[in-house]
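A.B. asks: This one is protein-v8.txt, compact mmCIF, C-alpha atoms.
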# COMPACT_ATOMS: atom_id res chain seq x y z
CA MET R 1 0.00 0.00 0.00
CA LYS R 2 1.35 3.38 -1.02
CA THR R 3 0.50 6.08 1.52
CA PHE R 4 0.28 9.80 0.78
CA ALA R 5 -0.12 12.41 3.52
CA ILE R 6 -1.65 15.70 2.37
CA THR R 7 -0.13 18.32 4.65
CA ASN R 8 0.60 21.98 5.10
CA GLN R 9 0.73 23.93 8.34
CA LYS R 10 -1.17 26.77 6.68
CA GLY R 11 -4.95 26.52 6.58
CA GLY R 12 -7.13 27.28 3.59
CA CYS R 13 -4.79 25.85 0.98
CA GLY R 14 -6.98 23.00 -0.25
CA LYS R 15 -5.70 20.07 1.81
CA THR R 16 -9.07 18.42 2.36
CA THR R 17 -10.23 19.14 -1.19
CA THR R 18 -7.06 17.49 -2.45
CA ALA R 19 -7.29 14.50 -0.11
CA VAL R 20 -10.95 13.81 -0.94
CA ASN R 21 -10.64 14.20 -4.69
CA LEU R 22 -7.31 12.44 -5.05
CA ALA R 23 -8.68 9.46 -3.10
CA ALA R 24 -11.83 9.47 -5.23
CA ALA R 25 -9.85 9.73 -8.47
CA LEU R 26 -7.70 6.75 -7.47
CA ALA R 27 -10.79 4.74 -6.52
CA SER R 28 -12.57 5.66 -9.76
CA ARG R 29 -9.77 3.86 -11.60
CA GLY R 30 -10.34 0.70 -9.63
CA TYR R 31 -7.55 1.14 -7.08
CA ARG R 32 -8.51 -0.07 -3.61
CA THR R 33 -8.21 3.19 -1.72
CA LEU R 34 -8.37 4.23 1.94
CA LEU R 35 -8.98 7.84 2.95
CA VAL R 36 -8.01 8.69 6.54
CA ASP R 37 -9.58 11.85 7.99
CA LEU R 38 -7.01 12.99 10.56
CA ASP R 39 -8.50 16.44 11.11
CA PRO R 40 -10.80 17.01 14.13
CA GLN R 41 -12.95 19.28 11.95
CA GLY R 42 -14.05 16.15 10.07
CA HIS R 43 -14.35 17.90 6.73
CA ALA R 44 -13.25 14.87 4.71
CA THR R 45 -15.93 12.89 6.56
CA LEU R 46 -18.56 15.52 5.76
CA ALA R 47 -17.44 15.52 2.13
CA PHE R 48 -18.85 12.01 1.72
CA GLY R 49 -22.18 12.81 3.31
CA LEU R 50 -21.49 11.41 6.78
CA GLN R 51 -22.39 13.33 9.93
CA PRO R 52 -19.31 13.15 12.18
CA ASP R 53 -21.20 13.69 15.44
CA THR R 54 -23.48 10.68 14.84
CA LEU R 55 -20.70 8.13 14.31
CA GLU R 56 -20.20 5.60 17.08
CA GLN R 57 -16.54 4.96 16.27
CA THR R 58 -13.99 7.04 14.40
CA ILE R 59 -10.24 7.24 13.92
CA TYR R 60 -10.08 8.65 17.46
CA GLU R 61 -11.19 5.38 19.05
CA ALA R 62 -8.80 3.37 16.88
CA LEU R 63 -5.86 5.57 17.86
CA VAL R 64 -6.39 5.66 21.61
CA ASN R 65 -7.99 2.27 22.32
CA PRO R 66 -6.01 -0.85 21.30
CA GLN R 67 -9.20 -2.90 21.70
CA VAL R 68 -10.86 -1.13 18.75
CA LEU R 69 -10.04 -2.84 15.47
CA PHE R 70 -9.13 -0.34 12.76
CA GLU R 71 -11.19 -2.18 10.16
CA ARG R 72 -14.31 -1.81 12.32
CA ILE R 73 -14.31 1.99 12.02
CA LEU R 74 -14.11 2.09 8.22
CA GLN R 75 -17.11 3.53 6.40
CA PRO R 76 -18.21 2.89 2.79
CA THR R 77 -18.55 5.72 0.29
CA CYS R 78 -20.37 6.13 -2.99
CA LEU R 79 -17.34 4.59 -4.71
CA PRO R 80 -17.13 0.82 -4.12
CA THR R 81 -13.32 0.78 -3.96
CA LEU R 82 -13.03 3.72 -1.55
CA LEU R 83 -13.33 3.35 2.23
CA LEU R 84 -13.14 6.18 4.76
CA ALA R 85 -11.65 6.24 8.26
CA PRO R 86 -13.86 9.06 9.61
CA SER R 87 -13.18 11.74 12.17
CA ASN R 88 -15.04 14.07 14.47
CA VAL R 89 -14.30 16.65 17.15
CA LEU R 90 -13.27 13.97 19.66
CA LEU R 91 -10.02 13.67 17.72
CA SER R 92 -8.93 17.00 19.17
CA GLY R 93 -8.46 15.18 22.48
CA ALA R 94 -6.34 12.40 21.00
CA GLU R 95 -3.06 14.20 21.53
CA SER R 96 -3.31 14.12 25.32
CA GLN R 97 -4.11 10.40 25.12
CA LEU R 98 -1.24 9.66 22.74
CA LEU R 99 1.26 11.47 24.95
CA ARG R 100 0.82 8.74 27.54
CA MET R 101 1.76 5.98 25.08
CA THR R 102 5.16 4.58 24.26
CA ASP R 103 6.22 5.04 20.63
CA ARG R 104 3.37 7.52 20.29
CA GLU R 105 4.67 8.78 16.94
CA TYR R 106 4.10 5.36 15.36
CA VAL R 107 0.49 4.64 16.40
CA LEU R 108 -1.08 5.47 13.03
CA ARG R 109 1.62 3.60 11.15
CA ARG R 110 0.83 0.43 13.13
CA LEU R 111 -2.91 0.81 12.45
CA LEU R 112 -2.34 1.16 8.72
CA GLN R 113 -0.01 -1.81 8.65
CA GLU R 114 -2.83 -3.96 10.04
CA THR R 115 -4.93 -3.37 6.95
CA ALA R 116 -2.30 -2.60 4.30
CA ALA R 117 -2.99 -5.79 2.33
CA ARG R 118 -6.56 -4.62 1.62
CA PHE R 119 -5.57 -1.43 -0.19
CA ASP R 120 -3.44 -0.18 -3.06
CA TYR R 121 -3.37 3.45 -1.88
CA CYS R 122 -3.98 5.36 1.34
CA VAL R 123 -4.53 9.13 1.46
CA ILE R 124 -4.30 10.95 4.81
CA ASP R 125 -5.94 14.34 5.29
CA CYS R 126 -3.98 16.24 7.96
CA SER R 127 -5.06 19.13 10.16
CA PRO R 128 -3.61 22.62 9.46
CA SER R 129 -1.19 22.51 12.37
CA LEU R 130 1.98 20.79 13.47
CA ASN R 131 0.90 18.48 16.27
CA LEU R 132 1.27 14.86 17.26
CA LEU R 133 -1.47 13.81 14.84
CA THR R 134 0.33 15.43 11.91
CA LEU R 135 3.58 13.84 13.06
CA ASN R 136 1.83 10.45 13.10
CA ALA R 137 0.65 11.08 9.54
CA MET R 138 4.15 11.94 8.33
CA VAL R 139 5.66 8.90 10.03
CA ALA R 140 2.97 6.64 8.54
CA ALA R 141 3.33 8.08 5.03
CA ASP R 142 5.62 7.02 2.24
CA GLU R 143 5.30 10.39 0.54
CA LEU R 144 3.98 13.88 1.21
CA ILE R 145 1.89 16.03 -1.09
CA ILE R 146 1.99 19.70 -0.08
CA PRO R 147 -0.86 21.87 -1.39
CA VAL R 148 0.17 25.52 -1.66
CA GLN R 149 -2.09 28.42 -2.51
CA THR R 150 -0.59 30.82 -5.03
CA GLN R 151 -0.12 33.70 -2.60
CA TYR R 152 3.06 35.21 -1.23
CA TYR R 153 2.19 34.31 2.37
CA ALA R 154 2.00 30.67 1.30
CA LEU R 155 5.75 30.59 0.68
CA GLU R 156 6.45 31.09 4.39
CA GLY R 157 4.16 28.19 5.28
CA LEU R 158 5.96 26.02 2.76
CA ARG R 159 9.31 26.85 4.34
CA GLN R 160 7.98 25.68 7.71
CA VAL R 161 6.77 22.41 6.19
CA MET R 162 10.18 21.75 4.66
CA GLU R 163 11.89 22.33 8.01
CA THR R 164 9.44 19.97 9.72
CA VAL R 165 10.06 17.26 7.13
CA ASP R 166 13.80 17.46 7.75
CA VAL R 167 13.23 16.90 11.48
CA VAL R 168 10.84 13.99 10.88
CA ARG R 169 13.32 12.33 8.53
CA GLU R 170 16.15 12.72 11.00
CA ARG R 171 14.27 11.38 14.03
CA PHE R 172 11.49 9.07 12.89
CA ALA R 173 11.15 8.31 9.17
CA PRO R 174 14.40 8.46 7.19
CA ASN R 175 12.70 7.24 4.00
CA LEU R 176 9.97 9.89 3.98
CA ARG R 177 9.83 11.62 0.61
CA ILE R 178 8.18 14.81 -0.59
CA ARG R 179 6.34 13.64 -3.68
CA GLY R 180 5.46 17.11 -4.83
CA ILE R 181 4.12 20.61 -4.26
CA LEU R 182 0.60 21.12 -5.61
CA LEU R 183 -0.42 24.65 -6.56
CA THR R 184 -4.06 25.18 -5.57
CA LEU R 185 -6.76 27.85 -5.75
CA VAL R 186 -5.02 29.25 -8.80
CA GLU R 187 -6.71 32.26 -10.37
CA ARG R 188 -6.62 31.98 -14.15
CA ARG R 189 -6.57 35.71 -14.84
CA THR R 190 -4.57 37.28 -12.02
CA LEU R 191 -0.99 38.40 -12.37
CA LEU R 192 -0.24 37.43 -8.77
CA SER R 193 -1.08 33.77 -9.37
CA ARG R 194 1.15 33.67 -12.43
CA GLN R 195 4.03 35.35 -10.60
CA VAL R 196 3.87 33.02 -7.61
CA GLU R 197 3.65 29.97 -9.87
CA GLU R 198 6.70 31.12 -11.82
CA GLN R 199 8.65 31.70 -8.60
CA MET R 200 7.70 28.27 -7.26
CA ARG R 201 8.75 26.52 -10.45
CA ASP R 202 11.99 28.49 -10.68
CA TYR R 203 12.93 27.66 -7.08
CA PHE R 204 11.61 24.11 -6.64
CA GLY R 205 11.82 22.92 -10.24
CA PRO R 206 10.34 19.46 -10.90
CA LEU R 207 9.20 19.17 -7.28
CA VAL R 208 6.18 21.27 -8.33
CA PHE R 209 3.52 19.12 -10.01
CA ARG R 210 2.78 19.94 -13.63
CA THR R 211 -0.91 19.87 -12.74
CA VAL R 212 -2.33 22.93 -10.98
CA ILE R 213 -5.75 23.16 -9.36
CA HIS R 214 -7.74 26.25 -10.35
CA ARG R 215 -10.60 27.81 -8.43
CA ASN R 216 -13.70 26.00 -9.60
CA VAL R 217 -17.36 26.27 -8.63
CA ARG R 218 -17.93 22.52 -8.91
CA LEU R 219 -15.13 21.84 -6.41
CA ALA R 220 -16.91 24.08 -3.91
CA GLU R 221 -20.34 22.56 -4.59
CA ALA R 222 -19.44 18.87 -4.39
CA PRO R 223 -19.15 18.56 -0.56
CA SER R 224 -22.67 19.92 -0.08
CA ALA R 225 -23.88 17.00 -2.21
CA GLY R 226 -21.92 14.52 -0.08
CA GLN R 227 -19.65 13.61 -2.99
CA SER R 228 -16.24 14.23 -4.42
CA VAL R 229 -16.09 16.31 -7.58
CA ILE R 230 -15.03 13.12 -9.38
CA THR R 231 -18.56 11.73 -9.08
CA TYR R 232 -20.48 14.99 -8.68
CA ALA R 233 -19.22 16.68 -11.86
CA PRO R 234 -16.82 14.31 -13.65
CA GLN R 235 -16.37 16.56 -16.68
CA SER R 236 -15.75 19.76 -14.72
CA PHE R 237 -12.35 21.44 -14.72
CA GLY R 238 -11.90 20.51 -11.06
CA ALA R 239 -12.48 16.81 -11.71
CA LEU R 240 -10.25 16.78 -14.78
CA GLU R 241 -7.42 18.50 -12.91
CA TYR R 242 -7.52 15.98 -10.06
CA GLN R 243 -7.57 13.18 -12.62
CA SER R 244 -4.49 14.79 -14.16
CA LEU R 245 -2.79 14.85 -10.76
CA THR R 246 -3.64 11.16 -10.38
CA ASP R 247 -2.04 10.53 -13.79
CA GLU R 248 1.19 12.11 -12.55
CA LEU R 249 1.21 10.11 -9.34
CA THR R 250 0.33 6.70 -10.77
CA TYR R 251 2.53 7.07 -13.84
CA GLU R 252 5.63 7.81 -11.78
CA THR R 253 4.85 5.00 -9.33
CA GLN R 254 4.35 2.47 -12.11
CA ASN R 255 7.43 3.70 -13.96
CA ARG R 256 9.63 3.46 -10.88
CA THR R 257 8.32 0.00 -10.03
CA ALA R 258 9.02 -1.20 -13.57
CA GLN R 259 12.55 0.22 -13.49
CA GLU R 260 13.25 -1.41 -10.14
CA SER R 261 11.96 -4.77 -11.35
CA CYS R 262 14.37 -4.63 -14.30
CA LEU R 263 17.26 -4.79 -11.83
CA TYR R 264 16.26 -8.37 -11.01
CA ILE R 265 15.89 -9.64 -14.58
Could you rewrite the structure in this file as structure tokens?

C.D. replies:
Amino acid sequence: MKTFAITNQKGGCGKTTTAVNLAAALASRGYRTLLVDLDPQGHATLAFGLQPDTLEQTIYEALVNPQVLFERILQPTCLPTLLLAPSNVLLSGAESQLLRMTDREYVLRRLLQETAARFDYCVIDCSPSLNLLTLNAMVAADELIIPVQTQYYALEGLRQVMETVDVVRERFAPNLRIRGILLTLVERRTLLSRQVEEQMRDYFGPLVFRTVIHRNVRLAEAPSAGQSVITYAPQSFGALEYQSLTDELTYETQNRTAQESCLYI
């Protein structure tokens, strides 16, 4: 199972939108996909039409209670190959519970390992803060996807993420990789968006995904219908752009796997 964590310490940059629609795009291609809502706001849970406050068990119970089987908390979605590990406000209290545990940074990794054989991909939606939950997500992930809004303030948030990744690699997850920086909420007609995109590509080069996500009405509407944009408006610009992002991710993964297999021929 390949695990992506969608993270940025700055809010409002499209993390949940990216997590929900990337997971849905992977599932729409037949990949067995798990979406983990690791944000106490539960927005990824709401995006699939579930009411967080009515759920008996969520990712919170699985994290803090070893007696709760991770598979028992998983919820179906409108896509048959996509399951959701939901969240609600109780998750905000998980940090105090985790602090009492040994190897507290590895709790989520152990949960995902229990069910890894069932899935091809896992996507983790992180909260917009650097806390123990986000650290668990980074330690559990193979690769990070960092959504960045095309604004000048976003560059400072990105710098903080990079510094955090260096610390996580050094202390907990030496193989953690930044898969790419995803430019989001791009305005088609504004000079500022174009300037920030140019600066990002000049500085970070191929680390910036070729795909960019533009502001799109259908992306904003889809959660109110309890769907991802992939099923709500499959021909919209938002859906096509997230499908393009999925092309980039799966193509590189398949290419790298094929190249590695050649070493053994």

A.B. asks: How many Å separate CA of Glu221 in chain R from CA of Gln243 in chain R?

C.D. replies: 17.8 Å

A.B. asks: Can you work out which one of R:Val20, R:Ile178, R:Ala94, R:Ile124 has the shortest atom-to-atom distance to Leu144 in chain R, counting all atoms listed in the file?

C.D. replies: R:Ile178

A.B. asks: To one decimal place, how far is CA of Phe209 in chain R from CA of Leu240 in chain R in Å?

C.D. replies: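 Spanning CA of Phe209 in chain R to CA of Leu240 in chain R is a straight-line distance of 14.8 Å.
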
A.B. asks: In Å, how far is it from CA of Arg100 in chain R to CA of Leu135 in chain R?

C.D. replies: 15.6 Å

A.B. asks: Go through R:Ile6, R:Val139, R:Leu22, R:Val229 and flag the residue nearest Ser244 in chain R, using all atoms listed in the file for the distances.

C.D. replies: R:Leu22

A.B. asks: Would you please work out which residue, of R:Thr16, R:Asn88, R:Pro234, R:Tyr251, is nearest to Leu50 in chain R when using only C-alpha atoms?

C.D. replies: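 Using only C-alpha atoms, Leu50 in chain R sits closest to R:Asn88.
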
A.B. asks: Per residue of range 88-138 of chain R within 9 Å of range 169-175 of chain R, record the nearest atom pair and its distance in Å to one decimal, counting all atoms listed in the file, with rows in chain order and ascending residue number, as a Markdown table.

C.D. replies:
| residue | atom | partner | partner_atom | distance |
| --- | --- | --- | --- | --- |
| R:Glu105 | CA | R:Phe172 | CA | 7.9 |
| R:Tyr106 | CA | R:Phe172 | CA | 8.6 |
| R:Met138 | CA | R:Ala173 | CA | 7.9 |

A.B. asks: Give the answer as one residue: which of R:Val208, R:Ala62, R:Arg218, R:Pro80 has the shortest atom-to-atom distance to Thr17 in chain R, using only C-alpha atoms?

C.D. replies: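 Ranked by minimum distance to Thr17 in chain R, first place goes to R:Arg218.
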
A.B. asks: Which one of R:Leu69, R:Leu98, R:Val168, R:Ala117 sits closest to Gln57 in chain R if you count all atoms listed in the file?

C.D. replies: R:Leu69

A.B. asks: Skip Leu99 in chain R itself and residues of its chain fewer than 6 positions away, then list as an NGL selection string all residues within 12 Å of it, counting only C-alpha atoms.

C.D. replies: :R and (63-64 or 93 or 105-107 or 131-133 or 136)
